[in-house]
$ cat work21.tsv   # TSV, C-alpha atoms
chain	number	residue	atom	x	y	z
A	270	TRP	CA	0.00	0.00	0.00
A	271	ASP	CA	1.61	3.24	-1.11
A	272	GLY	CA	-0.43	5.60	1.04
A	273	ALA	CA	-3.25	5.87	-1.47
A	274	ASN	CA	-3.47	2.63	-3.45
A	275	LEU	CA	-2.78	-1.06	-3.25
A	276	GLN	CA	0.15	-1.97	-5.49
A	277	GLU	CA	1.04	-5.18	-7.28
A	278	GLY	CA	3.26	-7.61	-5.39
A	279	MET	CA	6.93	-7.78	-6.33
A	280	GLU	CA	10.01	-9.85	-5.68
A	281	TYR	CA	13.45	-8.48	-4.87
A	282	PRO	CA	16.71	-9.74	-3.33
A	283	LEU	CA	17.09	-9.40	0.44
A	284	PRO	CA	20.87	-8.84	0.69
A	285	GLY	CA	21.67	-5.18	1.24
A	286	SER	CA	18.05	-4.19	1.91
A	287	PRO	CA	16.57	-2.99	5.20
A	288	CYS	CA	14.26	-6.01	5.01
A	289	GLU	CA	17.26	-8.30	5.51
A	290	ASN	CA	17.61	-7.03	9.08
A	291	VAL	CA	14.26	-8.55	10.06
A	292	LEU	CA	15.54	-12.10	9.50
A	293	GLY	CA	17.09	-11.97	12.97
A	294	GLY	CA	13.57	-12.11	14.39
A	295	ASP	CA	13.48	-8.69	16.07
A	296	ILE	CA	11.71	-5.42	15.32
A	297	VAL	CA	13.87	-3.18	13.13
A	298	ALA	CA	13.52	0.61	13.21
A	299	PHE	CA	15.40	3.30	11.32
A	300	ASP	CA	14.27	6.83	12.14
A	301	SER	CA	15.75	8.68	9.15
A	302	ASP	CA	18.04	8.66	6.11
A	303	ILE	CA	17.12	5.09	5.21
A	304	ALA	CA	18.45	5.43	1.64
A	305	GLU	CA	21.85	6.49	2.96
A	306	LEU	CA	22.00	3.49	5.30
A	307	PHE	CA	21.30	0.97	2.53
A	308	PRO	CA	23.18	1.97	-0.63
A	309	ALA	CA	22.27	-1.28	-2.40
A	310	GLU	CA	18.62	-0.20	-2.25
A	311	ARG	CA	19.20	3.56	-2.50
A	312	LYS	CA	17.61	3.97	-5.92
A	313	GLU	CA	14.40	2.16	-4.94
A	314	LEU	CA	14.17	3.86	-1.54
A	315	GLU	CA	14.69	7.30	-3.06
A	316	ALA	CA	12.05	6.56	-5.70
A	317	MET	CA	9.61	5.92	-2.85
A	318	GLY	CA	10.78	9.04	-1.05
A	319	ALA	CA	11.54	6.82	1.95
A	320	GLN	CA	13.05	8.47	5.00
A	321	SER	CA	12.18	6.11	7.87
A	322	TYR	CA	11.52	2.40	8.16
A	323	LEU	CA	9.89	0.15	10.76
A	324	ALA	CA	9.47	-3.60	10.36
A	325	ILE	CA	8.41	-6.55	12.47
A	326	PRO	CA	8.97	-10.20	11.58
A	327	LEU	CA	6.07	-12.51	10.80
A	328	LYS	CA	6.74	-15.74	12.67
A	329	SER	CA	5.28	-19.18	12.22
A	330	MET	CA	3.87	-21.11	15.17
A	331	ALA	CA	7.28	-22.77	15.37
A	332	GLY	CA	8.98	-19.37	15.67
A	333	ARG	CA	10.50	-19.34	12.17
A	334	VAL	CA	10.55	-15.97	10.40
A	335	ILE	CA	8.35	-16.38	7.30
A	336	GLY	CA	8.17	-12.73	6.28
A	337	HIS	CA	7.72	-9.30	7.77
A	338	LEU	CA	5.38	-6.37	8.00
A	339	ALA	CA	6.99	-3.01	7.22
A	340	ALA	CA	5.99	0.63	7.50
A	341	ILE	CA	7.94	3.14	5.42
A	342	ASP	CA	7.44	6.85	5.86
A	343	THR	CA	8.45	9.78	3.65
A	344	GLU	CA	9.28	11.79	6.78
A	345	PRO	CA	11.81	11.09	9.53
A	346	LYS	CA	10.10	9.33	12.44
A	347	ASN	CA	10.93	8.80	16.04
A	348	TRP	CA	9.48	5.30	16.24
A	349	GLN	CA	7.99	4.63	19.67
A	350	GLU	CA	6.82	1.59	21.63
A	351	ARG	CA	3.20	2.40	20.66
A	352	ASP	CA	4.22	1.97	16.99
A	353	PHE	CA	5.82	-1.37	17.83
A	354	GLY	CA	2.66	-2.45	19.67
A	355	ILE	CA	0.42	-1.73	16.70
A	356	LEU	CA	2.72	-3.65	14.38
A	357	ARG	CA	2.84	-6.59	16.82
A	358	ILE	CA	-0.96	-6.90	16.69
A	359	PHE	CA	-1.10	-6.81	12.91
A	360	ALA	CA	1.92	-9.09	12.54
A	361	ALA	CA	0.43	-11.77	14.78
A	362	ARG	CA	-2.83	-11.75	12.82
A	363	CYS	CA	-1.06	-11.64	9.46
A	364	ALA	CA	1.27	-14.55	10.35
A	365	ALA	CA	-1.68	-16.64	11.58
A	366	GLU	CA	-3.59	-16.00	8.36
A	367	LEU	CA	-0.58	-16.81	6.17
A	368	GLU	CA	-0.06	-20.09	8.04
A	369	ARG	CA	-3.76	-20.92	7.69
A	370	GLN	CA	-3.61	-20.27	3.95
A	371	SER	CA	-0.44	-22.34	3.65
A	372	ALA	CA	-2.06	-25.24	5.54
A	373	GLU	CA	-5.15	-25.06	3.32
A	374	GLN	CA	-3.01	-25.06	0.18
A	375	GLU	CA	-1.01	-28.03	1.46
A	376	MET	CA	-4.22	-29.92	2.26
A	377	GLN	CA	-5.56	-29.14	-1.22
A	378	ARG	CA	-2.31	-30.36	-2.84
A	379	ALA	CA	-2.47	-33.56	-0.77
A	380	HIS	CA	-6.13	-34.05	-1.72
A	381	ASP	CA	-5.38	-33.46	-5.41
A	382	ALA	CA	-2.43	-35.87	-5.31
A	383	LEU	CA	-4.52	-38.56	-3.61
A	384	SER	CA	-7.38	-38.04	-6.04
A	385	ARG	CA	-5.03	-38.32	-9.01
A	386	ARG	CA	-3.43	-41.44	-7.57
A	387	LEU	CA	-6.84	-43.05	-7.11
A	388	GLN	CA	-7.76	-42.16	-10.70
A	389	LEU	CA	-4.49	-43.65	-11.92
A	390	GLU	CA	-5.02	-46.86	-9.95
A	391	ALA	CA	-8.55	-47.16	-11.36
A	392	LEU	CA	-7.21	-46.60	-14.89
A	393	ILE	CA	-4.49	-49.22	-14.43
A	394	ALA	CA	-7.04	-51.72	-13.06
A	395	GLU	CA	-9.36	-51.04	-16.00
A	396	ILE	CA	-6.57	-51.40	-18.57
A	397	SER	CA	-5.29	-54.58	-16.92
A	398	THR	CA	-8.75	-56.13	-16.87
A	399	ARG	CA	-9.33	-55.29	-20.52
A	400	PHE	CA	-6.00	-56.83	-21.55
A	401	MET	CA	-6.71	-60.00	-19.55
A	402	ASN	CA	-10.08	-60.36	-21.27
A	403	THR	CA	-8.85	-59.58	-24.79
A	404	GLU	CA	-8.36	-62.28	-27.42
A	405	ALA	CA	-5.12	-62.28	-29.44
A	406	ASP	CA	-6.78	-60.69	-32.46
A	407	GLY	CA	-7.96	-57.76	-30.33
A	408	ILE	CA	-4.58	-56.77	-28.86
A	409	ASP	CA	-3.92	-54.05	-31.44
A	410	ALA	CA	-7.25	-52.37	-30.71
A	411	GLU	CA	-6.60	-52.66	-26.97
A	412	ILE	CA	-3.19	-51.03	-27.34
A	413	GLU	CA	-4.90	-48.21	-29.24
A	414	ARG	CA	-7.44	-47.73	-26.45
A	415	THR	CA	-4.69	-47.87	-23.83
A	416	LEU	CA	-2.58	-45.23	-25.56
A	417	ASP	CA	-5.65	-43.02	-25.81
A	418	ALA	CA	-6.49	-43.54	-22.13
A	419	ILE	CA	-2.92	-42.83	-20.98
A	420	GLY	CA	-2.65	-39.79	-23.25
A	421	GLY	CA	-5.90	-38.43	-21.85
A	422	PHE	CA	-4.82	-39.03	-18.27
A	423	ILE	CA	-1.46	-37.30	-18.52
A	424	GLY	CA	-2.59	-34.69	-21.05
A	425	SER	CA	-0.06	-35.56	-23.73
A	426	ASP	CA	-0.29	-34.83	-27.46
A	427	ARG	CA	1.26	-38.06	-28.63
A	428	GLY	CA	1.80	-41.60	-27.38
A	429	MET	CA	4.05	-44.25	-28.89
A	430	VAL	CA	5.03	-47.86	-28.35
A	431	PHE	CA	8.58	-48.86	-29.31
A	432	LEU	CA	9.93	-52.40	-29.43
A	433	TYR	CA	13.60	-53.29	-29.07
A	434	ASP	CA	15.22	-56.19	-30.91
A	435	ASP	CA	16.79	-59.03	-28.93
A	436	ASP	CA	20.18	-57.37	-28.38
A	437	ALA	CA	18.68	-53.87	-27.98
A	438	SER	CA	20.67	-52.56	-30.94
A	439	LYS	CA	17.56	-51.47	-32.88
A	440	VAL	CA	14.21	-50.06	-31.98
A	441	THR	CA	11.02	-50.25	-34.00
A	442	LEU	CA	8.17	-47.80	-33.65
A	443	ARG	CA	5.10	-50.06	-33.57
A	444	TYR	CA	2.21	-47.80	-32.56
A	445	VAL	CA	1.65	-44.04	-32.76
A	446	TRP	CA	-1.27	-42.22	-31.19
A	447	PRO	CA	-1.60	-38.48	-31.96
A	448	ARG	CA	-4.31	-36.41	-30.36
A	449	ALA	CA	-6.94	-35.57	-32.94
A	450	ALA	CA	-6.54	-31.97	-34.15
A	451	GLY	CA	-8.87	-29.53	-32.42
A	452	SER	CA	-10.19	-32.05	-29.92
A	453	GLY	CA	-10.02	-31.73	-26.16
A	454	LEU	CA	-8.93	-34.37	-23.74
A	455	ALA	CA	-12.45	-35.63	-23.17
A	456	SER	CA	-13.44	-35.92	-26.84
A	457	ARG	CA	-10.16	-37.17	-28.23
A	458	VAL	CA	-10.39	-39.68	-31.05
A	459	PRO	CA	-7.40	-42.02	-31.24
A	460	VAL	CA	-5.57	-42.22	-34.54
A	461	ILE	CA	-3.28	-45.23	-34.35
A	462	ARG	CA	-0.85	-46.49	-36.93
A	463	ARG	CA	0.92	-49.82	-36.74
A	464	GLU	CA	4.42	-49.89	-38.24
A	465	ASP	CA	5.53	-53.29	-39.57
$ encode --input "work21.tsv" --output "structure tokens"
Amino acid sequence: WDGANLQEGMEYPLPGSPCENVLGGDIVAFDSDIAELFPAERKELEAMGAQSYLAIPLKSMAGRVIGHLAAIDTEPKNWQERDFGILRIFAARCAAELERQSAEQEMQRAHDALSRRLQLEALIAEISTRFMNTEADGIDAEIERTLDAIGGFIGSDRGMVFLYDDDASKVTLRYVWPRAAGSGLASRVPVIRRED
């Protein structure tokens, strides 16, 4: 927040910045001349018109510094304990919310991974059952269906089956499945070619 508007997030290196000082886990306060104190960040600090800087670390429940909350002023400031107290309140709430969001995202990733694994296991069971119940003259068609199913599951544009000769000195491309042009994953029509 620049005093009037919310700004887009950004990424920048910590070394040489006032933000680096917060990694120690303590409140950091600079009352004036912040650009002079941090020459590596002088250009950016001067562009903001920054004179003073106050920051408090955001700590996880385990006490690890995961970020910080900073106040930058365009005037010199004599930062007081009341300023620290306000930041402590906001920092505690902010850190708790960030940890909650992180936990939710981790749970969603775990759920998605489990769901995908279950889908994969179901696909493998289905493919295995079809192959076990397929007569010899239906193997080619079953390979076609399998390549289509695998391609759809992993979202690929092409699937191929290669066979090696006995001493693995040559390889023969036996089946090719390209995704039908213009089709989506759900409506894909397999186009399989057998190479003799």
$ atom_distance --input "work21.tsv" --atom1 "atom CA of Ala394 of chain A" --atom2 "atom CA of Leu442 of chain A"
25.9 Å
$ residues_around --input "work21.tsv" --residues "segment 272-288 of chain A" --least-positions-apart "2" --cutoff "6 Å" --atoms "only C-alpha atoms" --output "ChimeraX atom specification"
/A:270,290-291,309-310
$ atom_distance --input "work21.tsv" --atom1 "atom CA of Asp342 of chain A" --atom2 "atom CA of Tyr322 of chain A"
6.5 Å
$ closest_residue --input "work21.tsv" --among "A:Ile341, A:Leu327, A:Leu292, A:Ala304" --to "Leu367 of chain A" --atoms "all atoms listed in the file"
A:Leu327
$ closest_residue --input "work21.tsv" --among "A:Ile358, A:Leu392, A:Val297, A:Ala437" --to "Gly420 of chain A" --atoms "all atoms listed in the file"
A:Leu392
$ closest_residue --input "work21.tsv" --among "A:Pro447, A:Gly424, A:Gly407, A:Gly318" --to "Thr343 of chain A" --atoms "all atoms listed in the file"
A:Gly318
$ atom_distance --input "work21.tsv" --atom1 "atom CA of Ala365 of chain A" --atom2 "atom CA of Met330 of chain A"
8.0 Å
$ residues_around --input "work21.tsv" --residues "Ile396 of chain A" --least-positions-apart "2" --cutoff "12 Å" --atoms "all atoms listed in the file" --output "PyMOL selection string"
chain A and resi 389-394+398-403+408+411-419
$ axis_aligned_box --input "work21.tsv" --around "segment 300-317 of chain A" --padding-each-side "3 Å" --output "JSON"
{"center_x": 16.4, "center_y": 3.7, "center_z": 3.1, "size_x": 19.6, "size_y": 16.0, "size_z": 24.1}
$ residues_around --input "work21.tsv" --residues "Ser301 of chain A" --least-positions-apart "6" --cutoff "9 Å" --atoms "only C-alpha atoms" --output "list in words"
Ala319, Gln320, Ser321, Tyr322, Glu344, Pro345, Lys346 and Asn347 of chain A
$ closest_residue --input "work21.tsv" --among "A:Met376, A:Ala298, A:Ile423, A:Leu432" --to "Ala324 of chain A" --atoms "all atoms listed in the file"
A:Ala298
$ residues_near_point --input "work21.tsv" --point "(11.2, -12.9, 8.0)" --cutoff "10 Å" --atoms "all atoms listed in the file" --output "PyMOL selection string"
chain A and resi 288-295+324-329+333-338
